[in-house]
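For reference, the structure discussed in these notes is given below.
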Amino acid sequence: MSTQYDPITFEIIQSSLRAAADEMFAAMRHTAMSAIIYEVLDMGTGITDKDGEIASSGAGIPAFVGVLDKTVKRVIEKFDQPGDIEPGDIFITNDPYNGGVTHLNDVILTKPVFVDDEIVAWTANIAHWNDVGGMVPGSMSTDATEIFQEGFILSGIKLFSRGEPIRSVFDILTSNCRMPDFLTGDLWAGVASVRVGERRILEIVNKYGKDVFLHAVEEYMDYGEQVILEALKQMPNGKYSLSEEQDNGPNYNVTIEITDDEFIIDLRDNSDQDPGPFNMSRDETVTACQIAYKGIVSPERLSNGGTFRPLKVLTRHGSVFDPAYPAAQGIYYEITIRVHDLICRCLAPHMPERIPAGGFASVCGTLFGGVHPDTGRAYSVIEPELGGWGGSSTSDGNSGQFSALHGETYNCPAEVAEARYGVTVDYLSFHDEKGGAGFHRGGKGVQIDYRIKSDDAWLTVAYTRDKVPPWPLEGGQPGSPNHVLIRRAN
């Protein structure tokens with residue numbers, strides 16, 4: 001092998017890609033208009049190889065980063081004719097049936113990186129937008145029965161052509177949103193992010209050469225596969241099954257088979273798709289499985305397309321985990337965390353040294369808004385909530401954390417909420433509810449009290465672990481349920 005292909009160079013290139021993805025994250029955070037992005041960090045950034053395999057990811061929500069490669073692959077598949085994809089193009093997607101993966105509020109931007117008229121990589125980001133139209137403010141209705149009620153649909157369309165914005169697309173977006181100024185600000189933050197990533201990749205290529213760059217990315221994918229295969233050999237081989245009752249009635253079922261070179265998650269034996277918005281796309285099901293698989297088998301930092309080659313996910317089309325179009329998917333995130341938790345619960349008794357007891361395991365998505373009493377401006381609060389994680393074989397569970405899929409995210413500070421929205425935060429503290437007792441106890445959740453200061457406010461909530469509590473291990477006690485109380489002024 002040529003000396004220019006030495007492993008030190010490969011490691012420098014890979015570290016540079018991680019730094020580029022993190023800089024994309026910082027650019028988006030520092031320029032976004034909505035607190036759900038710049039405070040909560042409900043977003044993710046990443047870089048894929050030329051074929052759409054994830055090559056490096058920035059900070060943010062793992063369940064978001066796991067979406068980006070699937071989006072890029074769908075764009076490549078759709079724009080497959082010569083000249084369809086050109087330097088300077090930016091594509092936008094939010095359709096879970098066509099590469100959007102999650103729900104319509106989560107909008108993805110992706111940009112090809114060209115060198116000598118050849119695509120060498122893609123930059124991509126995803127963030128939750130406050131409102132994308134639909135039947136209710138915030139666009140996430142628990143009453144939706146089809147995706148058309150949940151907002152405008154962007155099935156992988158071109159937003160920029162050769163570096164120039166396509167104004168008609170911008171006009172369509174702002175005309176179908178209740179908060180167009182926030183949409184515009186968050187959109188341009190996403191554009192800045194993918195452009196920063198492109199600039200950094202070009203600097204890497206200019207320093208080391210296109211061939212070295214492409215070879216380094218390919219080699220690191222293979223290395224990712226080697227690391228995970230070695231880790232799989234340390235896992236207990238076998239076939240494991242679990243059926244778990246859900247808050248809304250049906251059981252969720254999973255069978256997991258572990259061999260020396262495969263990790264198979266079978267979700268085919270599950271109920272038909274939900275008539276409402278409690279479904280998630282096949283791609284999102286794969287993402288949930290990827291996060292559980294990676295966290296259990298090899299939780300180290302290394303994660304790329306090669307890491308997931310041994311994983312196989314089996315679903316049944318028309319089920320809650322692989323719904324048929326046009327099923328609503330607005331509350332997909334609660335189904336995502338349910339699948340992740342189902343996999344962990346299935347394997348925990350067989351490897352308690354690797355997997356802790358169950359946590360609050362809900363995004364606890366809380367949406368409310370109205371008109372600000374002082375400014376007369378519409379506001380919308382969209383935030384996940386904090387809860388407790390389960391105790392492990394070595395320590396108590398963490399208190400006041402987001403669910404396992406949320407990664408490096410934060411709650412919105414009370415001062416920001418009160419300054420930006422028509423609310424007062426009367427109380428925010430760890431709660432004192434019973435639950436989670438054990439030699440290593442479960443972590444504490446939180447109680448947060450909002451006082452709405454304006455008339456005609458609206459509220460949407462979708463929590464799980466409300467009736468079926470967090471599960472214990474090794475003789476511990478179940479955790480406390482998640483819940484909401486509404487106290488009206490009268």
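Please note that chains go A, B, ... in the order of the structure tokens, that every chain numbers its residues from 1, and that ligands are numbered from 1 in the order shown.
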**Request:** For Ile201 (chain A), list every protein, DNA or RNA residue within 10 Å, evaluated using only C-alpha atoms, and leave out those in the same chain fewer than 3 positions away; present the list as an NGL selection string.
**Result:** :A and (13 or 16-17 or 20-21 or 47 or 113-115 or 120-123 or 195-198 or 204-207 or 213)
Grab the residues selected above and save them as a PDB file, in the first residue's frame with N, CA, C and O atoms.
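File again35.pdb, as written:
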```pdb
ATOM      1  N   ILE A  13      -8.113  12.209   9.191  1.00  0.00           N
ATOM      2  CA  ILE A  13      -9.263  12.539   8.340  1.00  0.00           C
ATOM      3  C   ILE A  13     -10.563  12.256   9.083  1.00  0.00           C
ATOM      4  O   ILE A  13     -11.502  13.066   9.059  1.00  0.00           O
ATOM      5  N   SER A  16     -11.121  14.796  11.702  1.00  0.00           N
ATOM      6  CA  SER A  16     -11.496  16.062  11.065  1.00  0.00           C
ATOM      7  C   SER A  16     -12.964  16.049  10.651  1.00  0.00           C
ATOM      8  O   SER A  16     -13.651  17.075  10.746  1.00  0.00           O
ATOM      9  N   LEU A  17     -13.452  14.899  10.196  1.00  0.00           N
ATOM     10  CA  LEU A  17     -14.870  14.797   9.849  1.00  0.00           C
ATOM     11  C   LEU A  17     -15.751  14.952  11.080  1.00  0.00           C
ATOM     12  O   LEU A  17     -16.812  15.597  11.022  1.00  0.00           O
ATOM     13  N   ALA A  20     -15.845  18.519  11.870  1.00  0.00           N
ATOM     14  CA  ALA A  20     -16.698  19.234  10.910  1.00  0.00           C
ATOM     15  C   ALA A  20     -18.165  19.068  11.274  1.00  0.00           C
ATOM     16  O   ALA A  20     -18.954  20.030  11.215  1.00  0.00           O
ATOM     17  N   ALA A  21     -18.565  17.847  11.650  1.00  0.00           N
ATOM     18  CA  ALA A  21     -19.960  17.609  12.027  1.00  0.00           C
ATOM     19  C   ALA A  21     -20.315  18.387  13.290  1.00  0.00           C
ATOM     20  O   ALA A  21     -21.428  18.930  13.410  1.00  0.00           O
ATOM     21  N   ILE A  47     -22.395  13.723   8.535  1.00  0.00           N
ATOM     22  CA  ILE A  47     -21.761  13.677   7.223  1.00  0.00           C
ATOM     23  C   ILE A  47     -21.831  12.240   6.737  1.00  0.00           C
ATOM     24  O   ILE A  47     -21.532  11.311   7.481  1.00  0.00           O
ATOM     25  N   VAL A 113     -21.469  17.337  -1.649  1.00  0.00           N
ATOM     26  CA  VAL A 113     -20.157  17.997  -1.694  1.00  0.00           C
ATOM     27  C   VAL A 113     -19.430  17.483  -2.936  1.00  0.00           C
ATOM     28  O   VAL A 113     -19.126  16.295  -3.045  1.00  0.00           O
ATOM     29  N   PHE A 114     -19.163  18.385  -3.871  1.00  0.00           N
ATOM     30  CA  PHE A 114     -18.542  18.030  -5.146  1.00  0.00           C
ATOM     31  C   PHE A 114     -17.051  18.363  -5.137  1.00  0.00           C
ATOM     32  O   PHE A 114     -16.631  19.406  -4.628  1.00  0.00           O
ATOM     33  N   VAL A 115     -16.275  17.469  -5.744  1.00  0.00           N
ATOM     34  CA  VAL A 115     -14.868  17.719  -6.051  1.00  0.00           C
ATOM     35  C   VAL A 115     -14.624  17.191  -7.459  1.00  0.00           C
ATOM     36  O   VAL A 115     -14.877  16.019  -7.745  1.00  0.00           O
ATOM     37  N   VAL A 120     -18.269  13.565  -3.350  1.00  0.00           N
ATOM     38  CA  VAL A 120     -17.389  12.828  -2.444  1.00  0.00           C
ATOM     39  C   VAL A 120     -18.028  12.614  -1.073  1.00  0.00           C
ATOM     40  O   VAL A 120     -17.578  11.770  -0.292  1.00  0.00           O
ATOM     41  N   ALA A 121     -19.080  13.385  -0.753  1.00  0.00           N
ATOM     42  CA  ALA A 121     -19.725  13.271   0.558  1.00  0.00           C
ATOM     43  C   ALA A 121     -21.025  14.074   0.518  1.00  0.00           C
ATOM     44  O   ALA A 121     -21.315  14.793  -0.449  1.00  0.00           O
ATOM     45  N   TRP A 122     -21.813  13.946   1.583  1.00  0.00           N
ATOM     46  CA  TRP A 122     -23.015  14.759   1.782  1.00  0.00           C
ATOM     47  C   TRP A 122     -22.978  15.310   3.208  1.00  0.00           C
ATOM     48  O   TRP A 122     -22.557  14.613   4.130  1.00  0.00           O
ATOM     49  N   THR A 123     -23.416  16.542   3.368  1.00  0.00           N
ATOM     50  CA  THR A 123     -23.645  17.087   4.705  1.00  0.00           C
ATOM     51  C   THR A 123     -25.152  17.126   4.948  1.00  0.00           C
ATOM     52  O   THR A 123     -25.933  17.308   4.009  1.00  0.00           O
ATOM     53  N   ARG A 195     -23.668  24.216   4.752  1.00  0.00           N
ATOM     54  CA  ARG A 195     -22.601  24.905   4.021  1.00  0.00           C
ATOM     55  C   ARG A 195     -21.284  24.895   4.804  1.00  0.00           C
ATOM     56  O   ARG A 195     -20.208  24.764   4.209  1.00  0.00           O
ATOM     57  N   VAL A 196     -21.365  25.025   6.122  1.00  0.00           N
ATOM     58  CA  VAL A 196     -20.155  24.933   6.946  1.00  0.00           C
ATOM     59  C   VAL A 196     -19.524  23.558   6.782  1.00  0.00           C
ATOM     60  O   VAL A 196     -18.303  23.425   6.619  1.00  0.00           O
ATOM     61  N   GLY A 197     -20.353  22.514   6.809  1.00  0.00           N
ATOM     62  CA  GLY A 197     -19.824  21.163   6.643  1.00  0.00           C
ATOM     63  C   GLY A 197     -19.161  20.966   5.302  1.00  0.00           C
ATOM     64  O   GLY A 197     -18.081  20.346   5.208  1.00  0.00           O
ATOM     65  N   GLU A 198     -19.773  21.509   4.256  1.00  0.00           N
ATOM     66  CA  GLU A 198     -19.176  21.397   2.917  1.00  0.00           C
ATOM     67  C   GLU A 198     -17.805  22.071   2.882  1.00  0.00           C
ATOM     68  O   GLU A 198     -16.841  21.508   2.328  1.00  0.00           O
ATOM     69  N   ILE A 204     -10.424  19.420   3.860  1.00  0.00           N
ATOM     70  CA  ILE A 204      -9.785  18.121   4.085  1.00  0.00           C
ATOM     71  C   ILE A 204      -9.323  17.516   2.756  1.00  0.00           C
ATOM     72  O   ILE A 204      -8.194  17.028   2.635  1.00  0.00           O
ATOM     73  N   VAL A 205     -10.208  17.572   1.762  1.00  0.00           N
ATOM     74  CA  VAL A 205      -9.873  17.000   0.454  1.00  0.00           C
ATOM     75  C   VAL A 205      -8.712  17.750  -0.179  1.00  0.00           C
ATOM     76  O   VAL A 205      -7.794  17.149  -0.763  1.00  0.00           O
ATOM     77  N   ASN A 206      -8.726  19.070  -0.071  1.00  0.00           N
ATOM     78  CA  ASN A 206      -7.643  19.863  -0.656  1.00  0.00           C
ATOM     79  C   ASN A 206      -6.303  19.571   0.009  1.00  0.00           C
ATOM     80  O   ASN A 206      -5.246  19.651  -0.627  1.00  0.00           O
ATOM     81  N   LYS A 207      -6.327  19.200   1.282  1.00  0.00           N
ATOM     82  CA  LYS A 207      -5.086  18.929   2.003  1.00  0.00           C
ATOM     83  C   LYS A 207      -4.533  17.552   1.682  1.00  0.00           C
ATOM     84  O   LYS A 207      -3.314  17.385   1.501  1.00  0.00           O
ATOM     85  N   PHE A 213      -8.929  10.801   0.567  1.00  0.00           N
ATOM     86  CA  PHE A 213     -10.140  11.058   1.360  1.00  0.00           C
ATOM     87  C   PHE A 213     -11.162   9.931   1.182  1.00  0.00           C
ATOM     88  O   PHE A 213     -11.672   9.380   2.165  1.00  0.00           O
TER      89      PHE A 213
END
```
**Request:** Please provide as a PyMOL selection string all residues within 7 Å of region 214-226 of chain A, with the sequence filter that same-chain residues fewer than 3 positions apart are discarded (counting only C-alpha atoms).
**Result:** chain A and resi 10+55+120+210-211+229-230+302-307+309
**Asked** Between CA of Ser193 (chain A) and CA of Phe160 (chain A), what is the spacing in Å?
**Response**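 That distance, rounded to one decimal, is 14.1 Å.
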**Asked** Can you list, as a VMD selection string, every residue of region 84-241 of chain A that DSSP puts in strand (DSSP E or B)?
**Response** chain A and resid 90 to 93 106 to 115 118 to 128 157 to 161 164 to 165 238 to 241
Quick one: write out the picked residues with N, CA, C and O atoms as a short mmCIF file (atom, residue, chain, number, x, y, z; two decimals), in the first residue's frame?
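And here is the file that came out, result26.cif:
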```cif
data_model
loop_
_atom_site.label_atom_id
_atom_site.label_comp_id
_atom_site.auth_asym_id
_atom_site.auth_seq_id
_atom_site.Cartn_x
_atom_site.Cartn_y
_atom_site.Cartn_z
N ILE A 90 -29.23 22.21 -2.52
CA ILE A 90 -29.62 21.79 -1.18
C ILE A 90 -31.02 21.18 -1.28
O ILE A 90 -31.90 21.76 -1.93
N PHE A 91 -31.22 20.05 -0.63
CA PHE A 91 -32.50 19.36 -0.68
C PHE A 91 -33.15 19.39 0.70
O PHE A 91 -32.46 19.41 1.72
N ILE A 92 -34.48 19.38 0.71
CA ILE A 92 -35.24 19.45 1.96
C ILE A 92 -36.26 18.32 2.00
O ILE A 92 -36.90 18.02 0.98
N THR A 93 -36.39 17.69 3.16
CA THR A 93 -37.24 16.52 3.31
C THR A 93 -37.88 16.53 4.69
O THR A 93 -37.22 16.90 5.67
N ASP A 106 -40.05 17.40 11.90
CA ASP A 106 -38.60 17.24 11.84
C ASP A 106 -38.14 17.40 10.39
O ASP A 106 -38.39 16.54 9.55
N VAL A 107 -37.48 18.51 10.13
CA VAL A 107 -37.13 18.87 8.75
C VAL A 107 -35.63 18.66 8.54
O VAL A 107 -34.81 19.09 9.35
N ILE A 108 -35.30 18.02 7.43
CA ILE A 108 -33.92 17.65 7.13
C ILE A 108 -33.43 18.42 5.91
O ILE A 108 -34.14 18.50 4.89
N LEU A 109 -32.25 18.97 6.01
CA LEU A 109 -31.56 19.58 4.86
C LEU A 109 -30.33 18.76 4.56
O LEU A 109 -29.61 18.33 5.47
N THR A 110 -30.06 18.54 3.29
CA THR A 110 -28.86 17.81 2.91
C THR A 110 -28.24 18.41 1.67
O THR A 110 -28.95 18.91 0.79
N LYS A 111 -26.91 18.39 1.61
CA LYS A 111 -26.18 19.06 0.54
C LYS A 111 -25.06 18.16 0.01
O LYS A 111 -24.27 17.63 0.80
N PRO A 112 -24.98 17.96 -1.29
CA PRO A 112 -23.87 17.19 -1.85
C PRO A 112 -22.58 18.02 -1.85
O PRO A 112 -22.61 19.24 -2.03
N VAL A 113 -21.47 17.34 -1.65
CA VAL A 113 -20.16 18.00 -1.69
C VAL A 113 -19.43 17.48 -2.94
O VAL A 113 -19.13 16.30 -3.04
N PHE A 114 -19.16 18.38 -3.87
CA PHE A 114 -18.54 18.03 -5.15
C PHE A 114 -17.05 18.36 -5.14
O PHE A 114 -16.63 19.41 -4.63
N VAL A 115 -16.27 17.47 -5.74
CA VAL A 115 -14.87 17.72 -6.05
C VAL A 115 -14.62 17.19 -7.46
O VAL A 115 -14.88 16.02 -7.74
N GLU A 118 -17.46 15.39 -9.09
CA GLU A 118 -17.82 14.11 -8.48
C GLU A 118 -18.25 14.35 -7.04
O GLU A 118 -17.59 15.10 -6.30
N ILE A 119 -19.34 13.71 -6.63
CA ILE A 119 -19.78 13.81 -5.23
C ILE A 119 -18.86 12.95 -4.37
O ILE A 119 -18.68 11.76 -4.63
N VAL A 120 -18.27 13.57 -3.35
CA VAL A 120 -17.39 12.83 -2.44
C VAL A 120 -18.03 12.61 -1.07
O VAL A 120 -17.58 11.77 -0.29
N ALA A 121 -19.08 13.39 -0.75
CA ALA A 121 -19.73 13.27 0.56
C ALA A 121 -21.03 14.07 0.52
O ALA A 121 -21.32 14.79 -0.45
N TRP A 122 -21.81 13.95 1.58
CA TRP A 122 -23.02 14.76 1.78
C TRP A 122 -22.98 15.31 3.21
O TRP A 122 -22.56 14.61 4.13
N THR A 123 -23.42 16.54 3.37
CA THR A 123 -23.65 17.09 4.71
C THR A 123 -25.15 17.13 4.95
O THR A 123 -25.93 17.31 4.01
N ALA A 124 -25.57 16.96 6.19
CA ALA A 124 -27.00 16.90 6.48
C ALA A 124 -27.26 17.33 7.91
O ALA A 124 -26.42 17.18 8.79
N ASN A 125 -28.45 17.88 8.14
CA ASN A 125 -28.89 18.18 9.49
C ASN A 125 -30.39 18.00 9.59
O ASN A 125 -31.10 17.93 8.58
N ILE A 126 -30.87 17.89 10.81
CA ILE A 126 -32.29 17.73 11.09
C ILE A 126 -32.62 18.51 12.34
O ILE A 126 -31.82 18.57 13.28
N ALA A 127 -33.79 19.15 12.36
CA ALA A 127 -34.22 19.89 13.54
C ALA A 127 -35.74 19.92 13.57
O ALA A 127 -36.41 19.82 12.54
N HIS A 128 -36.26 20.05 14.78
CA HIS A 128 -37.71 20.13 14.96
C HIS A 128 -38.15 21.57 14.73
O HIS A 128 -37.66 22.49 15.37
N ILE A 157 -37.38 17.48 -1.90
CA ILE A 157 -37.42 18.42 -3.02
C ILE A 157 -36.20 19.35 -2.96
O ILE A 157 -35.55 19.48 -1.92
N LYS A 158 -35.94 19.98 -4.09
CA LYS A 158 -34.78 20.86 -4.17
C LYS A 158 -35.15 22.23 -3.61
O LYS A 158 -36.12 22.85 -4.04
N LEU A 159 -34.37 22.70 -2.64
CA LEU A 159 -34.59 23.99 -2.00
C LEU A 159 -33.67 25.06 -2.58
O LEU A 159 -34.07 26.22 -2.72
N PHE A 160 -32.44 24.67 -2.90
CA PHE A 160 -31.48 25.55 -3.57
C PHE A 160 -31.04 24.86 -4.86
O PHE A 160 -30.82 23.64 -4.87
N SER A 161 -30.88 25.63 -5.91
CA SER A 161 -30.38 25.10 -7.18
C SER A 161 -29.12 25.87 -7.55
O SER A 161 -29.15 27.11 -7.70
N GLU A 164 -28.51 28.96 -5.47
CA GLU A 164 -29.53 30.00 -5.41
C GLU A 164 -30.82 29.44 -4.83
O GLU A 164 -31.28 28.36 -5.24
N PRO A 165 -31.45 30.16 -3.87
CA PRO A 165 -32.70 29.68 -3.28
C PRO A 165 -33.81 29.66 -4.32
O PRO A 165 -33.91 30.56 -5.16
N GLY A 238 -27.86 -16.60 21.32
CA GLY A 238 -29.15 -17.19 21.65
C GLY A 238 -30.28 -16.42 21.03
O GLY A 238 -30.09 -15.42 20.33
N LYS A 239 -31.50 -16.90 21.30
CA LYS A 239 -32.72 -16.26 20.81
C LYS A 239 -33.57 -15.90 22.03
O LYS A 239 -33.83 -16.74 22.90
N TYR A 240 -33.99 -14.64 22.10
CA TYR A 240 -34.70 -14.13 23.26
C TYR A 240 -35.98 -13.44 22.80
O TYR A 240 -35.98 -12.73 21.78
N SER A 241 -37.05 -13.60 23.56
CA SER A 241 -38.35 -13.02 23.20
C SER A 241 -38.99 -12.32 24.38
O SER A 241 -38.73 -12.67 25.55
#
```
Spatial neighbours of Asp266 (chain A), max dist 6 Å, only C-alpha atoms, sep filter under 6 positions, as a tab-separated table (two decimals) with N, CA, C and O atoms, in the first residue's frame:
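File part.tsv, as written:
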```tsv
chain	number	residue	atom	x	y	z
A	254	VAL	N	-41.25	-8.74	20.62
A	254	VAL	CA	-39.97	-8.73	19.95
A	254	VAL	C	-39.27	-10.06	20.16
A	254	VAL	O	-39.42	-10.69	21.22
A	255	THR	N	-38.56	-10.50	19.14
A	255	THR	CA	-37.66	-11.64	19.25
A	255	THR	C	-36.29	-11.19	18.75
A	255	THR	O	-36.18	-10.60	17.67
A	314	LEU	N	-36.45	-6.87	11.11
A	314	LEU	CA	-37.57	-7.48	10.38
A	314	LEU	C	-38.88	-6.84	10.84
A	314	LEU	O	-39.17	-6.79	12.05
```
List every residue of region 338-381 of chain A that has an atom at most 8 Å from any atom of region 288-301 of chain A, giving for each one its closest atom pair and the distance in Å to one decimal, counting only C-alpha atoms, sorted by chain and then by ascending residue number, as CSV.
```
residue,atom,partner,partner_atom,distance
A:Val339,CA,A:Ala288,CA,6.5
A:His340,CA,A:Ala288,CA,5.6
A:Ile343,CA,A:Ala292,CA,6.8
A:Cys344,CA,A:Ala292,CA,6.9
A:Arg354,CA,A:Ile296,CA,6.6
A:Ile355,CA,A:Ile296,CA,7.1
```
Gly407 (chain A) environment, 8 Å, only C-alpha atoms, sequence neighbours closer than 2 positions dropped, as a compact mmCIF listing (two decimals) with N, CA, C and O atoms, in the first residue's frame:
```txt
# COMPACT_ATOMS: atom_id res chain seq x y z
N GLY A 60 -25.92 15.97 19.54
CA GLY A 60 -27.35 16.01 19.31
C GLY A 60 -28.05 14.71 19.61
O GLY A 60 -27.52 13.85 20.31
N ILE A 61 -29.25 14.56 19.09
CA ILE A 61 -30.11 13.44 19.40
C ILE A 61 -29.73 12.23 18.56
O ILE A 61 -29.76 12.29 17.33
N PRO A 62 -29.36 11.11 19.18
CA PRO A 62 -29.01 9.92 18.40
C PRO A 62 -30.11 9.49 17.44
O PRO A 62 -29.84 9.06 16.33
N PHE A 402 -33.13 13.27 30.03
CA PHE A 402 -34.06 12.95 28.95
C PHE A 402 -33.97 11.46 28.64
O PHE A 402 -33.06 10.76 29.10
N SER A 403 -34.91 10.98 27.87
CA SER A 403 -34.95 9.56 27.55
C SER A 403 -33.71 9.16 26.74
O SER A 403 -33.00 10.01 26.20
N ALA A 404 -33.49 7.85 26.65
CA ALA A 404 -32.24 7.33 26.10
C ALA A 404 -32.00 7.76 24.66
O ALA A 404 -30.87 7.82 24.21
N LEU A 405 -33.05 8.06 23.91
CA LEU A 405 -32.87 8.44 22.50
C LEU A 405 -32.51 9.91 22.33
O LEU A 405 -32.25 10.34 21.22
N THR A 409 -29.19 16.63 24.88
CA THR A 409 -30.20 17.69 24.85
C THR A 409 -30.44 18.21 26.26
O THR A 409 -30.06 17.59 27.24
```
**Request:** Do a neighbour search on Tyr252 (chain A) at 9 Å with only C-alpha atoms, toss out local chain neighbours closer than 2 positions, and write the hits as a VMD selection string.
**Result:** chain A and resid 242 to 246 250 254 267 269 to 271 338 to 339 342
**Non-local contacts of Arg316 (chain A) (9 Å; only C-alpha atoms; under 4 positions in same chain excluded) as a ChimeraX atom specification** = /A:267-270,272,282,320-323
**Request:** Find, counting only C-alpha atoms, the residue in A:Asp247, A:Asp186, A:Asp396, A:Glu418 that gets nearest to Gly436 (chain A).
**Result:** A:Asp396
**Request:** Excluding Phe25 (chain A) and residues on its chain fewer than 2 positions from it, collect all residues at most 8 Å away from it, counting only C-alpha atoms, and give them as a ChimeraX atom specification.
**Result:** /A:21-23,27-29,44-45,58-60,193
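Interatomic distance, CA of Asp181 (chain A) to CA of Leu41 (chain A): 19.1 Å.
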Between region 367-414 of chain A and region 440-464 of chain A, at 7 Å or less, what are the per-residue closest atom pairs and their distances in Å? Count only C-alpha atoms, order by chain and rising residue number, and return it as CSV.
```
residue,atom,partner,partner_atom,distance
A:Leu367,CA,A:Thr460,CA,5.0
A:Phe368,CA,A:Leu459,CA,4.2
A:Gly369,CA,A:Trp458,CA,5.5
A:Gly370,CA,A:Ala457,CA,4.5
A:Val371,CA,A:Ser454,CA,6.6
A:His372,CA,A:Ser454,CA,6.6
A:Pro373,CA,A:Ser454,CA,5.6
A:Leu386,CA,A:Val446,CA,6.2
A:Gly387,CA,A:Gly445,CA,3.8
A:Gly388,CA,A:Gly443,CA,4.1
A:Trp389,CA,A:Gly443,CA,5.1
A:Gly390,CA,A:Gly442,CA,4.4
A:Gly391,CA,A:Gly442,CA,4.6
A:Ser392,CA,A:His440,CA,6.6
A:Ser395,CA,A:His440,CA,5.6
A:Asp396,CA,A:His440,CA,4.5
A:Gly397,CA,A:Gly443,CA,4.3
A:Asn398,CA,A:Gly443,CA,4.7
A:Ser399,CA,A:Gly443,CA,4.2
A:Gly400,CA,A:Gly445,CA,5.4
```
**Request:** Please report, as a PyMOL selection string, each residue of region 102-155 of chain A to which DSSP assigns helix (DSSP H, G or I) when run on this structure's backbone.
**Result:** chain A and resi 147-150
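Distances from A:Asp89, A:Val132, A:Pro478, A:Gly318 to Ile166 (chain A) were compared using only C-alpha atoms, and the smallest one belongs to A:Asp89.
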